Every structure is written in structure tokens, then in C-alpha cells.
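S.K.: Next up is a structure, given as C-alpha cells.
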Protein chains: 2
Amino acid sequence: MLGLTGSPLSAADINSLKEQYRRPLEIPFPDSAPYSPQMATLGKMLFFDPRLSGNKNINCVSCHNPSFGYEVPVPTAVGSANTHLGRQAPTVLNAAWVAPMFWDGRAETLEEQAAGPITNPEEMDGKFETIVEVLDEIPGYNKWFRSVFPNEGITRDTVLTAIATYERTVVSGWAPFDRWVEGEEGAISASAKRGFELFNDKANCAPCHSGWNFTDNKFHDIGTPTEDIGRGLYEEDNPKAQFAFKTPGLRNLTYRAPFTHNGSIPDLETMIAHYNAGGIERPSRSEHVRPLDLSEQEVEDLKNFLVSLTAERTETPMPTLPN
Amino acid sequence: MLGLTGSPLSAADINSLKEQYRRPLEIPFPDSAPYSPQMATLGKMLFFDPRLSGNKNINCVSCHNPSFGYEVPVPTAVGSANTHLGRQAPTVLNAAWVAPMFWDGRAETLEEQAAGPITNPEEMDGKFETIVEVLDEIPGYNKWFRSVFPNEGITRDTVLTAIATYERTVVSGWAPFDRWVEGEEGAISASAKRGFELFNDKANCAPCHSGWNFTDNKFHDIGTPTEDIGRGLYEEDNPKAQFAFKTPGLRNLTYRAPFTHNGSIPDLETMIAHYNAGGIERPSRSEHVRPLDLSEQEVEDLKNFLVSLTAERTETPMPTLPN
């Protein structure tokens with residue numbers, strides 16, 4: 001364990017830390033939905049298809065937009081009723097690694113998660129009975145489902161399994177940070193390297209933003225002003241669950257502003273300033289969040305480190321869809 | 001000129017016809033907006049950016065979706081007010097060649113066209129005063145505009161010029177038909193070749209669907225039931241302009257259903273059946289539209305020809321956007 005000493009870490013410390021952030025070699029697919037390229041392709045088609053929504057005008061991409069790191073650049077997304085939703089749209093990036101799903105973790109699996117926004121009247125406003133009929137009438141889909149799900153065909157479950165399988169393939173690309181972890185010393189700047197040390201030491205980010213995807217997938221109150229009790233809805237008796245939200249991963253962050261569960265923090269600078277100040281003191285606030293006393297240079301270093309987590313190539317090809 | 005003889009065309013006739021459908025070698029850019037890769041890239045970013053809309057939730061892609069041949073698979077698109085618009089969203093494919101714009105040709109240029117949906121309260125509901133402010137606050141855009149438009153920066157006109165420039169680069173890819181035109185005999189089936197003859201002869205499609213993009217960019221009443229007088233709004237005294245709409249190009253048609261100005265024709269089969277029957281007899285109906293007496297085989301041939309106009313590779317990469 002590293003203490004908050006403020007003194008530089010040794011080369012051995014740094015190397016040991018790097019090991020904790022190495023990219024995985026495989027995507028974990030559940031036994032219930034093993035990977036096949038066909039299923040992922042079908043899932044991608046559904047993810048991009050507005051015909052899943054009640055008015056046939058909104059798709060998963062509307063709120064999980066690859067142009068913005070699979071989020072949207074607004075505090076809270078706008079759904080089918082033209083109203084702002086209660087929380088920010090979380091990214092789909094690295095979805096295979098981040099269960100439980102939603103800011104409050106109320107869904108155990110991606111399959112269960114996907115059913116939520118598709119059918120929520122304020123989001124996509126779809127009904128699976130109708131979705132199955134609509135897809136069944138499109139010859140291209142009919143053929144795809146018969147091929148990928150020969151026993152089941154088009155059902156609520158096969159639609160969700162295909163979408164979840166595609167989502168598991170959405171993995172953030174190689175970032176300068178990854179190349180540095182793998183030994184390319186010049187991949188990130190000296191400032192970003194100092195930022196990495198701060199991240200793990202004085203700035204105390206790593207206890208929650210841990211591992212290669214920079215999240216522990218647990219719930220913490222980071223002390224931002226909000227009336228939303230988040231995880232507290234499901235853990236009434238846990239004082240630490242009040243105002244607590246799931247730790248978001250930090251990959252491709254530069255595309256994903258604004259930040260936090262309600263999008264109240266507009267950019268990286270404000271995010272770091274929030275942590276530096278320590279946020280609102282209340283019983284639920286995470287023990288890891290407290291005033292940090294970072295200097296201007298340290299703030300800059302931390303920011304440069306976070307920017308180094310954005311992948312260099314991120315364009316997503318849109319599929320053509322059966323019609 | 002070829003007569004409606006029903007007899008097979010000679011090889012010389014076919015070769016002469018093919019010449020009329022050869023792909024152009026260059027995209028025509030106007031002197032007012034010469035092509036640069038930077039301007040087209042910026043325009044693509046804007047085309048994909050929902051922050052141009054009033055609620056920051058709708059982009060040009062919402063109705064001109066590359067997954068559906070730059071249209072949407074509904075009779076009429078749904079805009080920001082969650083209401084169906086009056087007409088179908090026309091494709092952006094080959095936009096450089098299809099002025100005047102809109103189904104009724106009311107805009108002379110792509111620049112003028114683009115301003116319409118962006119600001120229409122029922123479509124994107126944007127206001128250029130706000131759009132300019134929003135873009136100006138995004139450092140990435142600020143930099144892009146200063147580089148591409150060093151004298152003007154971010155203005156209504158530069159936003160529209162960039163979008164129009166991108167749209168001019170949206171060109172339908174090589175289709176089997178194109179390879180056949182260029183001499184690859186096996187690129188399309190014998191049935192599709194017969195369909196090509198029918199298209200130019202007995203079925204009488206070519207007088208309006210002329211040239212490599214299969215449109216004369218003029219206005220015709222094809223005899224579908226509608227109360228929308230279309231071009232008639234702008235040519236009150238021209239009896240042939242009543243119920244007349246601009247001839248749509250036929251490239252990548254298999255992605256673009258439903259068809260006609262109000263999307264009332266759900267698929268290619270119904271489209272061909274409509275022309276075969278001749279549609280509603282009324283003074284405005286085009287002289288080229290009349291009952292065709294096509295056999296079942298001829299209908300099939302015509303369909304196979306139309307399908308051969310769809311490009312083989314059509315995936316569009318989504319840009320990442322400054323945030």
C-alpha cells in the first residue's frame with residue numbers, strides 16, 4: 001500500500017502500480033450469451049435501429065452516442081417525451097466489465113439493463129410485443145434472427161441478448177497511457193506521469209477508480225450537491241449508500257463531459273477542482289473524498305494523466321440496416 | 001430515341017444507353033464553397049452534432065440516417081416536437097448533383113436547404129444565434145472554425161457552408177450496376193439486364209429517372225393519392241406542377257423505403273405495382289406515367305435492376321466530436 005506521503009514513488013512502486021492497470025486480453029462473455037461475430041453484428045444493428053422505439057425515432061445511440069464516448073454532451077439526456085431524464089446517460093464503453101448496471105446498480109446484467117430504456121415511456125417508449133412484430137416484418141431481421149437464434153427466433157430475450165453481446169464488444173481503444181504501461185516511455189508526458197502518481201497517491205483517486213477501466217463498480221458519495229439518494233434507494237439502512245452512485249470508468253473521458261450522475265460538473269477542470277475542495281461533508285460522503293490541497297501544477301498533472309486515457313482511434317462505423 | 005416497341009434492344013442500343021449512366025469522375029463544388037478536406041470534416045462533425053438543435057438531442061443524422069441511405073424508415077420523420085413532419089426526409093446521397101432542394105425545390109442550394117430543418121421548430125428547433133454561441137464555447141470547434149474560416153470564424157453562413165460541403169462528399173458507392181456499365185458483364189444478372197432495358201423502354205422510367213443518379217431534378221405528378229400540391233405552391237399557374245414532386249434519385253434504394261414524398265409506398269414491389277397500374281388520372285399527372293402492362297417476369301426484372309443500384313459498401317464512420 002502506498003501512503004499519502006507527497007514524496008515521489010520509487011521506480012519499483014511505479015512498475016508495480018502499472019501492473020494494476022494493464023489492459024485485459026479478453027472480453028468476458030457470460031455462459032448464457034457466448035460471443036459470436038454474428039450475434040454481435042445483429043446486436044449492433046439493433047443498437048442503431050430507431051424502430052425499437054415507440055415513435056421509431058430514437059435508438060440506443062441517441063443517448064449512448066459513439067461520437068461522445070457513448071454518452072451525450074448534456075447534463076441529462078432527452079427522451080421520447082422531449083423531457084430531460086433524471087440522470088446522465090452512462091457510457092457503454094467497456095460495458096462487459098462494469099456490472100451491476102445503472103448509476104444505482106439496480107440491474108445485475110447488461111441484458112436486464114437494456115430492457116429499461118427501451119421500454120421506459122420517457123426514454124425509447126418501446127413495447128416488446130410491438131418490437132417483435134416490427135422486426136418480424138423486416139425480412140432482413142427475420143433471416144438474421146433465424147440464423148443467430150435458430151430455436152427462439154425474435155423474442156424479447158433474443159433482442160436483449162444480441163444488444164448486450166454487441167455492447168460487450170464496445171471496448172475503449174488503446175490510449176497513450178496503455179502504451180506507457182506496456183513500456184513505451186515516451187507515450188505520455190512527464191506531467192502525465194506525475195499525474196499518474198498523484199492519482200494513486202496524494203489525490204487518492206485509485207481506491208475507487210481502480211483497475212484498467214478505472215472503476216471498482218461500487219457506490220460512493222463523492223459529495224456533490226444532489227437530492228437524488230442514488231444507491232440509497234436499494235440500501236436504505238446503509239448510511240454510506242445515501243447519495244452514492246456507481247464509480248464511472250475514466251476511459252475516453254475527454255469525449256464524455258459533462259460528468260457525475262446528474263451531469264452537474266461540466267468539464268475535467270471542474271471535476272478536479274471539486275475533488276481538490278473535497279465536496280460536501282455529510283455522513284454518507286466516501287472516506288476517500290476529502291480536501292486534497294493539490295497545487296496548480298498538480299492539478300495540471302492530474303488532468304494530463306486523465307487525458308492520456310483517451311484512445312487514439314475511436315471512430316465507429318454505422319451499420320446499414322435491413323429495410 | 002427508343003420507342004416502346006417491346007422488342008429487345010440491340011447491343012449497340014444498350015451500349016449507347018450505358019453511356020448515359022456512367023458515374024461522374026468529380027464532385028461539382030460551387031465556387032462559393034470550394035472543397036477542402038478540412039471543411040468537409042468540420043461539416044461532417046456539425047452534421048452529426050445534436051448541439052445544433054434547440055434541445056441538443058437531434059442532429060441532421062436523426063432524419064438523414066446513413067444506416068438507411070441517409071433517410072429514415074418511416075413515412076414521415078419525427079422532429080423535435082415529437083410530431084410527424086409533412087413529408088418524407090429526402091436522402092443526402094449525391095446531394096452535390098440534385099439542386100434545387102426539397103421535394104418542392106424551394107431551396108436553390110444545399111446551404112439554403114440546411115438552414116431549414118436546423119431552425120424549423122418542428123424539426124431541429126435550433127436558433128443560429130444560440131448555435132454560434134454554443135459552438136464558440138467548445139474549444140475544439142473554436143479552433144476548427146478559426147482554421148477553416150480564418151476571416152469569418154463561427155457564423156450562420158460558415159456553419160451552413162461546412163455542412164453543405166460535407167453533404168456534397170456523400171456520394172453513393174460503386175454498385176453492381178456501375179461495374180456492369182464499366183464492362184464487367186457478370187456484375188448483374190440477366191434479369192437485372194432485362195430490367196435495365198425495361199427501365200429505358202417499356203416501363204418508361206428513364207425520362208424522369210435519368211443519368212447516373214437516376215433523376216432529372218424536375219417535378220412530376222406520378223399519380224399517387226395526396227392532398228399536398230407540392231411544386232404547385234410555387235407554380236400556381238402551371239397545371240403540371242400540381243401534386244408534382246422532385247424526382248428522387250434511385251441509388252441505394254434498398255435502404256431507403258418507404259418511398260414518395262409522403263412515404264405512402266412501403267417497398268419496391270408496391271412502387272413498381274403503382275407505376276404498372278398508372279396511378280390516378282388527373283390533369284397534372286405526368287405524360288410519362290400511364291398503365292404499363294408489365295408481366296410478372298418484367299416486374300421481377302425491373303426490381304432486380306433497381307436492386308443492382310445499391311452500393312456494395314456503405315458503412316459510414318461516425319466522427320468523434322469536440323466536447
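So you can find residues: chains in the C-alpha cells are A, B, ... in the order shown, residues in each start at 1, and ligands are numbered from 1 in order.
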Using DSSP on the backbone coordinates, identify all residues within range 14-164 of chain B classified as helix (DSSP H, G or I); present the result as a PyMOL selection string.

M.R.: chain B and resi 14-19+37-47+50-52+60-63+66-68+95-97+110-119+128-136+139-148+156-164

S.K.: Please return, as an MDAnalysis selection string, all residues of chain B lying within 10 Å of chain A when only C-alpha atoms are considered.

M.R.: chainID B and resid 45 48:51 55:59 62:63 65:69 72:74 77:84 253:258 266:267 313:323

S.K.: Residues within 10 Å of Pro117 in chain B, please, as a short mmCIF file (atom, residue, chain, number, x, y, z; two decimals) with N, CA, C and O atoms, in the first residue's frame. Count only C-alpha atoms; anything in the same chain fewer than 3 positions from it doesn't count.

M.R.:
```cif
data_model
loop_
_atom_site.label_atom_id
_atom_site.label_comp_id
_atom_site.auth_asym_id
_atom_site.auth_seq_id
_atom_site.Cartn_x
_atom_site.Cartn_y
_atom_site.Cartn_z
N SER B 53 -29.29 21.52 -32.30
CA SER B 53 -30.74 21.56 -32.11
C SER B 53 -31.10 22.27 -30.82
O SER B 53 -30.28 22.38 -29.90
N ASN B 59 -29.86 15.61 -34.38
CA ASN B 59 -28.86 16.09 -35.33
C ASN B 59 -29.38 15.88 -36.75
O ASN B 59 -30.49 15.37 -36.95
N CYS B 60 -28.59 16.27 -37.73
CA CYS B 60 -29.03 16.07 -39.12
C CYS B 60 -29.25 14.58 -39.38
O CYS B 60 -30.15 14.19 -40.14
N CYS B 63 -32.70 12.44 -39.10
CA CYS B 63 -33.62 12.25 -40.23
C CYS B 63 -32.90 11.85 -41.51
O CYS B 63 -33.53 11.35 -42.44
N GLY B 79 -39.87 15.00 -35.62
CA GLY B 79 -38.96 16.08 -35.25
C GLY B 79 -38.97 16.37 -33.77
O GLY B 79 -39.44 15.57 -32.96
N GLN B 113 -30.86 25.00 -48.10
CA GLN B 113 -31.66 23.88 -47.61
C GLN B 113 -31.34 23.59 -46.15
O GLN B 113 -32.23 23.44 -45.32
N ALA B 114 -30.05 23.51 -45.83
CA ALA B 114 -29.64 23.08 -44.49
C ALA B 114 -30.20 24.01 -43.41
O ALA B 114 -30.50 23.57 -42.29
N ASN B 120 -36.27 25.03 -38.13
CA ASN B 120 -37.71 24.77 -38.06
C ASN B 120 -38.09 24.24 -36.66
O ASN B 120 -37.53 23.25 -36.20
N PRO B 121 -39.04 24.91 -35.99
CA PRO B 121 -39.41 24.49 -34.62
C PRO B 121 -39.89 23.05 -34.54
O PRO B 121 -39.76 22.41 -33.49
N GLU B 122 -40.43 22.52 -35.63
CA GLU B 122 -40.89 21.12 -35.60
C GLU B 122 -39.79 20.14 -35.98
O GLU B 122 -40.00 18.94 -35.92
N GLU B 123 -38.66 20.65 -36.46
CA GLU B 123 -37.58 19.74 -36.83
C GLU B 123 -36.46 19.81 -35.79
O GLU B 123 -36.59 19.24 -34.72
N MET B 124 -35.39 20.57 -36.02
CA MET B 124 -34.34 20.61 -35.00
C MET B 124 -34.54 21.73 -33.99
O MET B 124 -33.95 21.72 -32.92
N ASP B 125 -35.33 22.71 -34.35
CA ASP B 125 -35.68 23.79 -33.42
C ASP B 125 -34.45 24.55 -32.92
O ASP B 125 -34.38 24.96 -31.76
N GLY B 126 -33.46 24.71 -33.80
CA GLY B 126 -32.27 25.47 -33.41
C GLY B 126 -32.43 26.95 -33.75
O GLY B 126 -33.29 27.33 -34.55
#
```

S.K.: Determine, counting only C-alpha atoms, which protein, DNA and RNA residues have an atom within 12 Å of an atom of Glu298 in chain A; residues of the same chain fewer than 6 positions away are not included. Present the result as a ChimeraX atom specification.

M.R.: /A:6,190-199,201-203,269,272-273,276,292,304-305

S.K.: Selection from above, N, CA and C atoms, as a compact mmCIF listing (two decimals), in the first residue's frame, can you write it?

M.R.:
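out-v1.txt written:
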```txt
# COMPACT_ATOMS: atom_id res chain seq x y z
N GLY A 6 3.33 12.34 -0.28
CA GLY A 6 3.76 13.51 -1.02
C GLY A 6 5.15 13.34 -1.60
N ALA A 190 5.91 13.85 -19.10
CA ALA A 190 6.37 13.81 -17.71
C ALA A 190 5.26 14.28 -16.78
N SER A 191 4.52 15.27 -17.23
CA SER A 191 3.42 15.79 -16.41
C SER A 191 2.36 14.70 -16.20
N ALA A 192 2.00 13.98 -17.26
CA ALA A 192 1.00 12.91 -17.14
C ALA A 192 1.51 11.81 -16.20
N LYS A 193 2.81 11.55 -16.26
CA LYS A 193 3.37 10.53 -15.35
C LYS A 193 3.27 10.99 -13.90
N ARG A 194 3.55 12.26 -13.66
CA ARG A 194 3.37 12.77 -12.30
C ARG A 194 1.90 12.68 -11.90
N GLY A 195 1.02 12.93 -12.89
CA GLY A 195 -0.41 12.82 -12.64
C GLY A 195 -0.80 11.40 -12.23
N PHE A 196 -0.17 10.42 -12.87
CA PHE A 196 -0.43 9.02 -12.51
C PHE A 196 -0.04 8.74 -11.06
N GLU A 197 1.07 9.29 -10.65
CA GLU A 197 1.47 9.12 -9.24
C GLU A 197 0.47 9.79 -8.31
N LEU A 198 0.09 11.00 -8.65
CA LEU A 198 -0.90 11.71 -7.82
C LEU A 198 -2.20 10.93 -7.74
N PHE A 199 -2.62 10.40 -8.89
CA PHE A 199 -3.86 9.63 -8.97
C PHE A 199 -3.85 8.49 -7.96
N ASP A 201 -1.76 8.31 -5.33
CA ASP A 201 -1.19 8.65 -4.03
C ASP A 201 -1.92 9.87 -3.45
N LYS A 202 -1.36 11.02 -3.59
CA LYS A 202 -1.89 12.20 -2.90
C LYS A 202 -3.35 12.52 -3.26
N ALA A 203 -3.71 12.36 -4.55
CA ALA A 203 -5.07 12.75 -4.96
C ALA A 203 -6.09 11.67 -4.62
N GLU A 269 -11.62 20.12 -15.60
CA GLU A 269 -11.06 21.10 -14.65
C GLU A 269 -11.97 21.23 -13.43
N ILE A 272 -11.79 18.08 -11.19
CA ILE A 272 -10.60 18.03 -10.32
C ILE A 272 -10.73 19.06 -9.20
N ALA A 273 -11.26 20.23 -9.54
CA ALA A 273 -11.44 21.27 -8.52
C ALA A 273 -12.39 20.78 -7.43
N ASN A 276 -10.51 18.43 -5.27
CA ASN A 276 -9.48 19.16 -4.52
C ASN A 276 -10.10 19.86 -3.31
N LEU A 292 -7.81 17.97 -0.80
CA LEU A 292 -6.56 17.33 -1.23
C LEU A 292 -5.35 18.26 -1.18
N ASN A 304 -3.53 16.06 -17.17
CA ASN A 304 -2.78 15.48 -18.29
C ASN A 304 -2.79 13.95 -18.23
N PHE A 305 -2.74 13.42 -17.02
CA PHE A 305 -2.85 11.97 -16.89
C PHE A 305 -4.22 11.49 -17.38
```

S.K.: Can you tell me how far CA of Pro30 in chain A sits from CA of Phe47 in chain A, in Å to one decimal?

M.R.: 19.4 Å

S.K.: Among range 112-247 of chain B, which residues carry a DSSP assignment of strand (DSSP E or B), reported as number ranges by chain?

M.R.: B: 219-221, 230, 244-246

S.K.: Restricting the output to all heavy atoms, write the selected residues as a PDB file, in the first residue's frame.

M.R.:
```
ATOM      1  N   PHE B 219     -39.864  18.261 -61.565  1.00  0.00           N
ATOM      2  CA  PHE B 219     -41.061  17.994 -60.762  1.00  0.00           C
ATOM      3  C   PHE B 219     -42.132  17.308 -61.596  1.00  0.00           C
ATOM      4  O   PHE B 219     -42.449  17.761 -62.696  1.00  0.00           O
ATOM      5  CB  PHE B 219     -41.591  19.310 -60.180  1.00  0.00           C
ATOM      6  CG  PHE B 219     -40.509  20.063 -59.463  1.00  0.00           C
ATOM      7  CD1 PHE B 219     -39.737  21.008 -60.138  1.00  0.00           C
ATOM      8  CD2 PHE B 219     -40.214  19.785 -58.144  1.00  0.00           C
ATOM      9  CE1 PHE B 219     -38.707  21.673 -59.493  1.00  0.00           C
ATOM     10  CE2 PHE B 219     -39.181  20.447 -57.488  1.00  0.00           C
ATOM     11  CZ  PHE B 219     -38.426  21.394 -58.171  1.00  0.00           C
ATOM     12  N   HIS B 220     -42.676  16.223 -61.045  1.00  0.00           N
ATOM     13  CA  HIS B 220     -43.677  15.455 -61.784  1.00  0.00           C
ATOM     14  C   HIS B 220     -44.732  14.931 -60.828  1.00  0.00           C
ATOM     15  O   HIS B 220     -44.416  14.535 -59.706  1.00  0.00           O
ATOM     16  CB  HIS B 220     -43.016  14.268 -62.494  1.00  0.00           C
ATOM     17  CG  HIS B 220     -41.843  14.646 -63.335  1.00  0.00           C
ATOM     18  ND1 HIS B 220     -41.969  15.158 -64.606  1.00  0.00           N
ATOM     19  CD2 HIS B 220     -40.507  14.615 -63.071  1.00  0.00           C
ATOM     20  CE1 HIS B 220     -40.764  15.411 -65.101  1.00  0.00           C
ATOM     21  NE2 HIS B 220     -39.856  15.094 -64.190  1.00  0.00           N
ATOM     22  N   ASP B 221     -45.959  14.905 -61.302  1.00  0.00           N
ATOM     23  CA  ASP B 221     -47.033  14.231 -60.568  1.00  0.00           C
ATOM     24  C   ASP B 221     -47.066  12.786 -61.048  1.00  0.00           C
ATOM     25  O   ASP B 221     -47.344  12.522 -62.220  1.00  0.00           O
ATOM     26  CB  ASP B 221     -48.371  14.928 -60.847  1.00  0.00           C
ATOM     27  CG  ASP B 221     -49.549  14.117 -60.313  1.00  0.00           C
ATOM     28  OD1 ASP B 221     -49.324  13.185 -59.502  1.00  0.00           O
ATOM     29  OD2 ASP B 221     -50.690  14.418 -60.718  1.00  0.00           O
ATOM     30  N   GLY B 230     -47.475  20.120 -53.537  1.00  0.00           N
ATOM     31  CA  GLY B 230     -46.050  20.076 -53.860  1.00  0.00           C
ATOM     32  C   GLY B 230     -45.563  21.306 -54.597  1.00  0.00           C
ATOM     33  O   GLY B 230     -45.744  22.433 -54.145  1.00  0.00           O
ATOM     34  N   ALA B 244     -47.019  17.753 -57.989  1.00  0.00           N
ATOM     35  CA  ALA B 244     -45.729  17.340 -58.556  1.00  0.00           C
ATOM     36  C   ALA B 244     -44.633  17.473 -57.503  1.00  0.00           C
ATOM     37  O   ALA B 244     -44.591  18.457 -56.754  1.00  0.00           O
ATOM     38  CB  ALA B 244     -45.389  18.191 -59.774  1.00  0.00           C
ATOM     39  N   PHE B 245     -43.754  16.469 -57.448  1.00  0.00           N
ATOM     40  CA  PHE B 245     -42.631  16.472 -56.509  1.00  0.00           C
ATOM     41  C   PHE B 245     -41.359  16.150 -57.267  1.00  0.00           C
ATOM     42  O   PHE B 245     -41.402  15.553 -58.343  1.00  0.00           O
ATOM     43  CB  PHE B 245     -42.875  15.451 -55.388  1.00  0.00           C
ATOM     44  CG  PHE B 245     -44.072  15.818 -54.569  1.00  0.00           C
ATOM     45  CD1 PHE B 245     -45.338  15.349 -54.906  1.00  0.00           C
ATOM     46  CD2 PHE B 245     -43.947  16.684 -53.496  1.00  0.00           C
ATOM     47  CE1 PHE B 245     -46.455  15.726 -54.176  1.00  0.00           C
ATOM     48  CE2 PHE B 245     -45.059  17.064 -52.761  1.00  0.00           C
ATOM     49  CZ  PHE B 245     -46.315  16.585 -53.100  1.00  0.00           C
ATOM     50  N   LYS B 246     -40.243  16.533 -56.664  1.00  0.00           N
ATOM     51  CA  LYS B 246     -38.972  16.346 -57.357  1.00  0.00           C
ATOM     52  C   LYS B 246     -38.667  14.865 -57.510  1.00  0.00           C
ATOM     53  O   LYS B 246     -38.858  14.078 -56.576  1.00  0.00           O
ATOM     54  CB  LYS B 246     -37.842  17.042 -56.597  1.00  0.00           C
ATOM     55  CG  LYS B 246     -36.724  17.487 -57.525  1.00  0.00           C
ATOM     56  CD  LYS B 246     -35.596  18.148 -56.783  1.00  0.00           C
ATOM     57  CE  LYS B 246     -34.732  17.110 -56.126  1.00  0.00           C
ATOM     58  NZ  LYS B 246     -33.506  17.706 -55.556  1.00  0.00           N
TER      59      LYS B 246
END
```

S.K.: Find the distance between CA of Thr41 in chain B and CA of Ala162 in chain B and write it in Å to one decimal.

M.R.: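 If I compute the distance from CA of Thr41 in chain B to CA of Ala162 in chain B, I get 8.2 Å.
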
S.K.: Give the answer as one residue: which of A:Leu93, A:Pro34, A:Glu19, A:Ser10 has the shortest atom-to-atom distance to Glu182 in chain A, using only C-alpha atoms?

M.R.: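 That would be A:Glu19, the residue with the smallest distance to Glu182 in chain A.
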
S.K.: Quick one: of B:Leu250, B:Ile163, B:Ile118, B:Met271, who's nearest to Thr224 in chain B, counting only C-alpha atoms?

M.R.: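 So, comparing all the options, the nearest one is B:Met271.
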
S.K.: Which residues come within 10 Å of Ala311 in chain A, counting only C-alpha atoms, excluding same-chain residues fewer than 6 positions away, as a ChimeraX atom specification?

M.R.: /A:172-178,251-254

S.K.: Can those selected residues be exported to a file as a PDB file, in the first residue's frame so that it contains N, CA, C and O atoms?

M.R.:
```pdb
ATOM      1  N   SER A 172     -12.954   0.390 -25.121  1.00  0.00           N
ATOM      2  CA  SER A 172     -12.158   1.580 -25.425  1.00  0.00           C
ATOM      3  C   SER A 172     -10.828   1.159 -26.041  1.00  0.00           C
ATOM      4  O   SER A 172     -10.200   0.199 -25.602  1.00  0.00           O
ATOM      5  N   GLY A 173     -10.406   1.885 -27.051  1.00  0.00           N
ATOM      6  CA  GLY A 173      -9.182   1.541 -27.771  1.00  0.00           C
ATOM      7  C   GLY A 173      -7.921   1.872 -26.984  1.00  0.00           C
ATOM      8  O   GLY A 173      -7.970   2.423 -25.885  1.00  0.00           O
ATOM      9  N   TRP A 174      -6.803   1.524 -27.573  1.00  0.00           N
ATOM     10  CA  TRP A 174      -5.515   1.800 -26.938  1.00  0.00           C
ATOM     11  C   TRP A 174      -5.293   3.295 -26.794  1.00  0.00           C
ATOM     12  O   TRP A 174      -5.452   4.061 -27.734  1.00  0.00           O
ATOM     13  N   ALA A 175      -4.900   3.664 -25.590  1.00  0.00           N
ATOM     14  CA  ALA A 175      -4.634   5.065 -25.286  1.00  0.00           C
ATOM     15  C   ALA A 175      -3.132   5.235 -25.059  1.00  0.00           C
ATOM     16  O   ALA A 175      -2.423   4.259 -24.811  1.00  0.00           O
ATOM     17  N   PRO A 176      -2.644   6.469 -25.122  1.00  0.00           N
ATOM     18  CA  PRO A 176      -1.224   6.694 -24.809  1.00  0.00           C
ATOM     19  C   PRO A 176      -0.839   6.056 -23.469  1.00  0.00           C
ATOM     20  O   PRO A 176       0.235   5.464 -23.344  1.00  0.00           O
ATOM     21  N   PHE A 177      -1.727   6.154 -22.487  1.00  0.00           N
ATOM     22  CA  PHE A 177      -1.442   5.555 -21.183  1.00  0.00           C
ATOM     23  C   PHE A 177      -1.143   4.062 -21.296  1.00  0.00           C
ATOM     24  O   PHE A 177      -0.234   3.541 -20.641  1.00  0.00           O
ATOM     25  N   ASP A 178      -1.919   3.353 -22.133  1.00  0.00           N
ATOM     26  CA  ASP A 178      -1.707   1.906 -22.278  1.00  0.00           C
ATOM     27  C   ASP A 178      -0.329   1.605 -22.856  1.00  0.00           C
ATOM     28  O   ASP A 178       0.326   0.646 -22.461  1.00  0.00           O
ATOM     29  N   ARG A 251     -12.127   5.920 -18.990  1.00  0.00           N
ATOM     30  CA  ARG A 251     -11.598   5.826 -20.352  1.00  0.00           C
ATOM     31  C   ARG A 251     -12.318   6.805 -21.290  1.00  0.00           C
ATOM     32  O   ARG A 251     -13.533   7.002 -21.178  1.00  0.00           O
ATOM     33  N   ASN A 252     -11.565   7.380 -22.228  1.00  0.00           N
ATOM     34  CA  ASN A 252     -12.124   8.283 -23.253  1.00  0.00           C
ATOM     35  C   ASN A 252     -12.918   9.434 -22.642  1.00  0.00           C
ATOM     36  O   ASN A 252     -13.882   9.935 -23.232  1.00  0.00           O
ATOM     37  N   LEU A 253     -12.466   9.838 -21.474  1.00  0.00           N
ATOM     38  CA  LEU A 253     -13.137  10.867 -20.693  1.00  0.00           C
ATOM     39  C   LEU A 253     -13.281  12.184 -21.449  1.00  0.00           C
ATOM     40  O   LEU A 253     -14.264  12.910 -21.264  1.00  0.00           O
ATOM     41  N   THR A 254     -12.313  12.473 -22.307  1.00  0.00           N
ATOM     42  CA  THR A 254     -12.330  13.784 -22.969  1.00  0.00           C
ATOM     43  C   THR A 254     -13.525  13.947 -23.907  1.00  0.00           C
ATOM     44  O   THR A 254     -13.844  15.056 -24.312  1.00  0.00           O
TER      45      THR A 254
END
```

S.K.: Do you know which residues are at most 10 Å from Leu110 in chain B counting only C-alpha atoms, after dropping those on the same chain fewer than 6 positions away, and could you put them as a PyMOL selection string?

M.R.: chain B and resi 92+95-96+98-102+160-161+163-165+167-168

S.K.: Would you work out the distance separating CA of Gly43 in chain B from CA of Val170 in chain B, expressed in Å to one decimal?

M.R.: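 Computed distance, CA of Gly43 in chain B to CA of Val170 in chain B, equals 11.3 Å.
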
S.K.: With distances taken over only C-alpha atoms, which residue among A:Tyr234, A:Tyr35, A:Phe259, A:Phe243 lies nearest Arg282 in chain A?

M.R.: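 Closest candidate: A:Phe243.
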
S.K.: Ranking A:Leu309, A:Leu52, A:Ala187, A:Ile14 by minimum distance to Trp212 in chain A and counting only C-alpha atoms, which one comes first?

M.R.: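 The closest residue to Trp212 in chain A is A:Leu309.
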